[in-house]
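Below: one structure, written as structure tokens.
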Amino acid sequence: MPATVVVGTQWGDEGKGKLTDLVAKEMDFVVRYQGGHNAGHTIVVGGESFALQLIPSGVLYPHITPVIGNGVVIDPGVLIAEADALSERGVDVSRLLVSGNAHLIMPYHHELDRVTERYLGKNSLGTTRRGIGPAYADKAARVGLRTQDLLDPKIFRQKLDVALREKNAILAKVYNRLPLDGDEVAEKYLGEYAPRLAPMLADTVDVVHDALHAGRNVLLEGAQATFLDLDHGTYPFVTSSNPSAGGACTGTGIGPRDIDRVIGIAKAYVTRVGAGPFPTECHDEVSDILVERGHEFGTNTGRRRRCGWFDAVMVRQAVRINSLSEIALTKLDVLDGFDQLQVCVAYEADGTRFDHLPYHQSILHRVQPVYEELPGWTRSLDDATELDDMPTAAQDYVRFLAEQVGVPIRLVGVGPGREQFVHFAA
């Protein structure tokens, strides 16, 4: 049976965790295919809030096997702490499988991430400073350590010593930092982390293919979003992997023909964390209202998110890049009470109109949004369970967005709870 992909269509924080959790009821496997613990998501179940970073959302369902694929970079300490925290709250994490090909985040990755961001100063990229980028850089340079290396202490130590010769030289000579002790690092990873991770390690490519061959339902879950994609995002203000749907193939080891449904997640407005272009960003009370109502602070970092009106231009591009079959729209309830709503339908720059994202960064940085104004609604959406429960203006808003981006909107989020979705047909 073909797999389903869930992917963010903006700059992340669209509510992928909640949607994944909702769709997961129909699934047997939920596979995380890229990113690290720089991308957190929150799921509310029965009034209880679960903040997940690495472990796939499906872990909250007892019938699901959660899998961390080869495209993910893993900080073992974070993964173990997250698993322990879930266990303490009664969640069974014994089913979790971790790819032996997933790369490890090492202490020098954390240190390099911190010092390079400080070194960049006002030109910093706004990373979470959790070692994600340096770990992916080592993966591309073919000097990374993988989870499977934890099972062979001799190989692990050889690879670590080679890496530390270079990393310690950079830390000391470029950034004036103290070198890391190889014995201490090896003891932490081999003595503390390896025994905990060893039971989780598996050939996840084989696991996923066997599941598909057996007709099981498989959901592929990305972190971040399309416009943080290393190739297709607003470079260089991007992550270091491919959150777009194509990354689901490389990050799990399946082919494109194994996927038949790609669900794009979009907020009813737009948010962004950190630096980078943001054509529809609001700098007035609208931003403050969206931050307050939408609780727009990073799950991991606590940073306030930048907020703006819905941008149909970027979501159109996300539809193309990901071959989206449909969209789930989240946080529509945050727009309750606005008299008027703005939707960006195009950009203008230097007398030229852009209906799709301009490829050149210099143009993107100076575009002006072309807005269409729609009436808002005053009635709360919190209690809506069916389409007829939604005000006409809210229904019209969703239909307008679907028309603008070119694919149907099937689900609409009307609150933070696990079941606060309305089935739509826009």
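Here's how to read the names in the structure tokens: chain A, B, ... by the order shown, residue numbers from 1 in each chain, ligand numbers from 1 in the order shown.
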Distance table requested - segment 242-348 of chain A against segment 98-111 of chain A, cut-off 12 Å, only C-alpha atoms: one row per qualifying residue with the closest atom pair and its distance in Å to one decimal, ordered by chain and rising residue number, as JSON lines.
{"residue": "A:Thr250", "atom": "CA", "partner": "A:Ala102", "partner_atom": "CA", "distance": 11.7}
{"residue": "A:Gly251", "atom": "CA", "partner": "A:Ala102", "partner_atom": "CA", "distance": 9.1}
{"residue": "A:Thr252", "atom": "CA", "partner": "A:Ser99", "partner_atom": "CA", "distance": 8.9}
{"residue": "A:Gly253", "atom": "CA", "partner": "A:Ser99", "partner_atom": "CA", "distance": 10.5}
Selected residues written out with C-alpha atoms, as a tab-separated table (two decimals), in the first residue's frame:
chain	number	residue	atom	x	y	z
A	250	THR	CA	15.88	9.89	0.60
A	251	GLY	CA	15.20	10.12	4.33
A	252	THR	CA	13.45	6.76	4.52
A	253	GLY	CA	14.83	4.76	1.60
For segment 270-281 of chain A: contacts at 7 Å, only C-alpha atoms, fewer than 3 positions along chain excluded, given as a PyMOL selection string = chain A and resi 11+125-126+234+237+267+305-311+365+367-369
Store the residues picked out above, limited to N, CA and C atoms, as a PDB file, in the first residue's frame.
ATOM      1  N   TRP A  11       6.959  28.296   6.681  1.00  0.00           N
ATOM      2  CA  TRP A  11       8.270  28.287   7.344  1.00  0.00           C
ATOM      3  C   TRP A  11       8.245  27.485   8.634  1.00  0.00           C
ATOM      4  N   LEU A 125      22.287  33.371  11.025  1.00  0.00           N
ATOM      5  CA  LEU A 125      21.172  32.735  10.323  1.00  0.00           C
ATOM      6  C   LEU A 125      19.986  32.477  11.233  1.00  0.00           C
ATOM      7  N   GLY A 126      20.153  32.679  12.535  1.00  0.00           N
ATOM      8  CA  GLY A 126      19.054  32.434  13.457  1.00  0.00           C
ATOM      9  C   GLY A 126      18.835  30.960  13.729  1.00  0.00           C
ATOM     10  N   THR A 234      14.195  29.732   1.451  1.00  0.00           N
ATOM     11  CA  THR A 234      14.735  31.089   1.325  1.00  0.00           C
ATOM     12  C   THR A 234      16.187  31.095   1.806  1.00  0.00           C
ATOM     13  N   PHE A 237      18.659  31.303   4.766  1.00  0.00           N
ATOM     14  CA  PHE A 237      17.886  31.232   6.008  1.00  0.00           C
ATOM     15  C   PHE A 237      17.012  29.988   5.987  1.00  0.00           C
ATOM     16  N   LYS A 267      -0.832  27.139   7.877  1.00  0.00           N
ATOM     17  CA  LYS A 267      -1.548  27.960   8.845  1.00  0.00           C
ATOM     18  C   LYS A 267      -2.482  28.904   8.100  1.00  0.00           C
ATOM     19  N   ARG A 305       7.553  34.242  17.488  1.00  0.00           N
ATOM     20  CA  ARG A 305       7.498  34.081  16.045  1.00  0.00           C
ATOM     21  C   ARG A 305       7.048  35.372  15.370  1.00  0.00           C
ATOM     22  N   ARG A 306       7.624  35.631  14.211  1.00  0.00           N
ATOM     23  CA  ARG A 306       7.168  36.728  13.371  1.00  0.00           C
ATOM     24  C   ARG A 306       5.860  36.299  12.717  1.00  0.00           C
ATOM     25  N   CYS A 307       4.908  37.225  12.603  1.00  0.00           N
ATOM     26  CA  CYS A 307       3.578  36.861  12.101  1.00  0.00           C
ATOM     27  C   CYS A 307       3.153  37.758  10.947  1.00  0.00           C
ATOM     28  N   GLY A 308       2.352  37.202  10.047  1.00  0.00           N
ATOM     29  CA  GLY A 308       1.832  37.976   8.925  1.00  0.00           C
ATOM     30  C   GLY A 308       0.628  37.304   8.305  1.00  0.00           C
ATOM     31  N   TRP A 309       0.059  37.963   7.309  1.00  0.00           N
ATOM     32  CA  TRP A 309      -1.126  37.462   6.625  1.00  0.00           C
ATOM     33  C   TRP A 309      -0.796  36.259   5.737  1.00  0.00           C
ATOM     34  N   PHE A 310      -1.815  35.487   5.415  1.00  0.00           N
ATOM     35  CA  PHE A 310      -1.644  34.305   4.565  1.00  0.00           C
ATOM     36  C   PHE A 310      -1.039  34.713   3.222  1.00  0.00           C
ATOM     37  N   ASP A 311      -0.053  33.938   2.784  1.00  0.00           N
ATOM     38  CA  ASP A 311       0.669  34.218   1.544  1.00  0.00           C
ATOM     39  C   ASP A 311       0.384  33.092   0.544  1.00  0.00           C
ATOM     40  N   HIS A 365      13.568  39.839  -1.514  1.00  0.00           N
ATOM     41  CA  HIS A 365      13.763  40.695  -0.339  1.00  0.00           C
ATOM     42  C   HIS A 365      13.061  42.045  -0.479  1.00  0.00           C
ATOM     43  N   VAL A 367      10.130  42.545  -2.601  1.00  0.00           N
ATOM     44  CA  VAL A 367       8.779  42.494  -3.149  1.00  0.00           C
ATOM     45  C   VAL A 367       7.775  43.112  -2.180  1.00  0.00           C
ATOM     46  N   GLN A 368       6.689  43.617  -2.751  1.00  0.00           N
ATOM     47  CA  GLN A 368       5.566  44.118  -1.961  1.00  0.00           C
ATOM     48  C   GLN A 368       4.363  43.206  -2.205  1.00  0.00           C
ATOM     49  N   PRO A 369       3.662  42.814  -1.156  1.00  0.00           N
ATOM     50  CA  PRO A 369       2.514  41.921  -1.346  1.00  0.00           C
ATOM     51  C   PRO A 369       1.331  42.628  -1.993  1.00  0.00           C
TER      52      PRO A 369
END
What's the 8 Å shell around Ala163 of chain A, counting only C-alpha atoms, without same-chain residues fewer than 3 positions away, as a compact mmCIF listing (two decimals) with N, CA and C atoms, in the first residue's frame?
# COMPACT_ATOMS: atom_id res chain seq x y z
N VAL A 143 32.42 12.56 6.96
CA VAL A 143 33.22 12.37 8.17
C VAL A 143 32.31 12.24 9.40
N GLY A 144 31.01 12.01 9.17
CA GLY A 144 30.08 11.91 10.28
C GLY A 144 30.11 10.55 10.94
N LYS A 159 36.78 6.83 14.31
CA LYS A 159 36.13 7.94 13.62
C LYS A 159 36.12 9.20 14.49
N LEU A 160 35.91 9.04 15.78
CA LEU A 160 35.90 10.19 16.68
C LEU A 160 37.26 10.87 16.72
N GLU A 166 40.46 17.54 13.55
CA GLU A 166 40.06 18.72 12.77
C GLU A 166 39.24 19.69 13.60
N LYS A 167 38.23 19.18 14.32
CA LYS A 167 37.31 20.06 15.06
C LYS A 167 38.03 20.81 16.17
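Checking A:His209, A:Asp13, A:Arg95, A:Leu171 one by one against His295 of chain A, counting only C-alpha atoms, you find the shortest gap at A:Asp13.
Here atom CA of His360 of chain A is placed at a distance of 23.8 Å from atom CA of Ala266 of chain A.
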Fewer than 3 positions away in the same chain doesn't count, so skip those; otherwise give me all residues within 12 Å of Ala312 of chain A, counting only C-alpha atoms, as JSON, numbers by chain.
-> {"A": [9, 10, 266, 267, 268, 269, 270, 279, 280, 309, 315, 316, 317, 318, 319, 342, 343, 344, 345, 346, 347, 354, 355, 356, 357, 369, 370, 371, 372, 398, 400, 401, 402, 403, 404, 405, 406, 407]}
Using DSSP on the backbone, list every residue of segment 148-282 of chain A that comes out as strand (DSSP E or B), and give them as number ranges by chain.
-> A: 201-202, 218-221, 259-267, 270-272, 281
Selection: 9 Å around segment 242-246 of chain A, only C-alpha atoms, excl. self and same-chain fewer than 3 positions, as number ranges by chain | A: 5-9, 33-35, 71, 222-232, 239, 249-251, 256, 262, 318, 321-324
Find the residue from A:Gly12, A:Gly413, A:Pro408, A:Gly351 that sits nearest to Leu387 of chain A; use only C-alpha atoms when measuring.
->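 Of A:Gly12, A:Gly413, A:Pro408, A:Gly351, the one nearest Leu387 of chain A, counting only C-alpha atoms, is A:Gly413.
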Select, from A:Ala394, A:Leu411, A:Ala137, A:Ile68, the residue with the minimum atom-to-atom distance to Leu22 of chain A, counting only C-alpha atoms.
-> A:Leu411
Using atom CA of Thr116 of chain A and atom CA of Gly302 of chain A as the two end points, give the distance in Å to one decimal.
->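 Value for the atom CA of Thr116 of chain A-atom CA of Gly302 of chain A distance: 21.2 Å.
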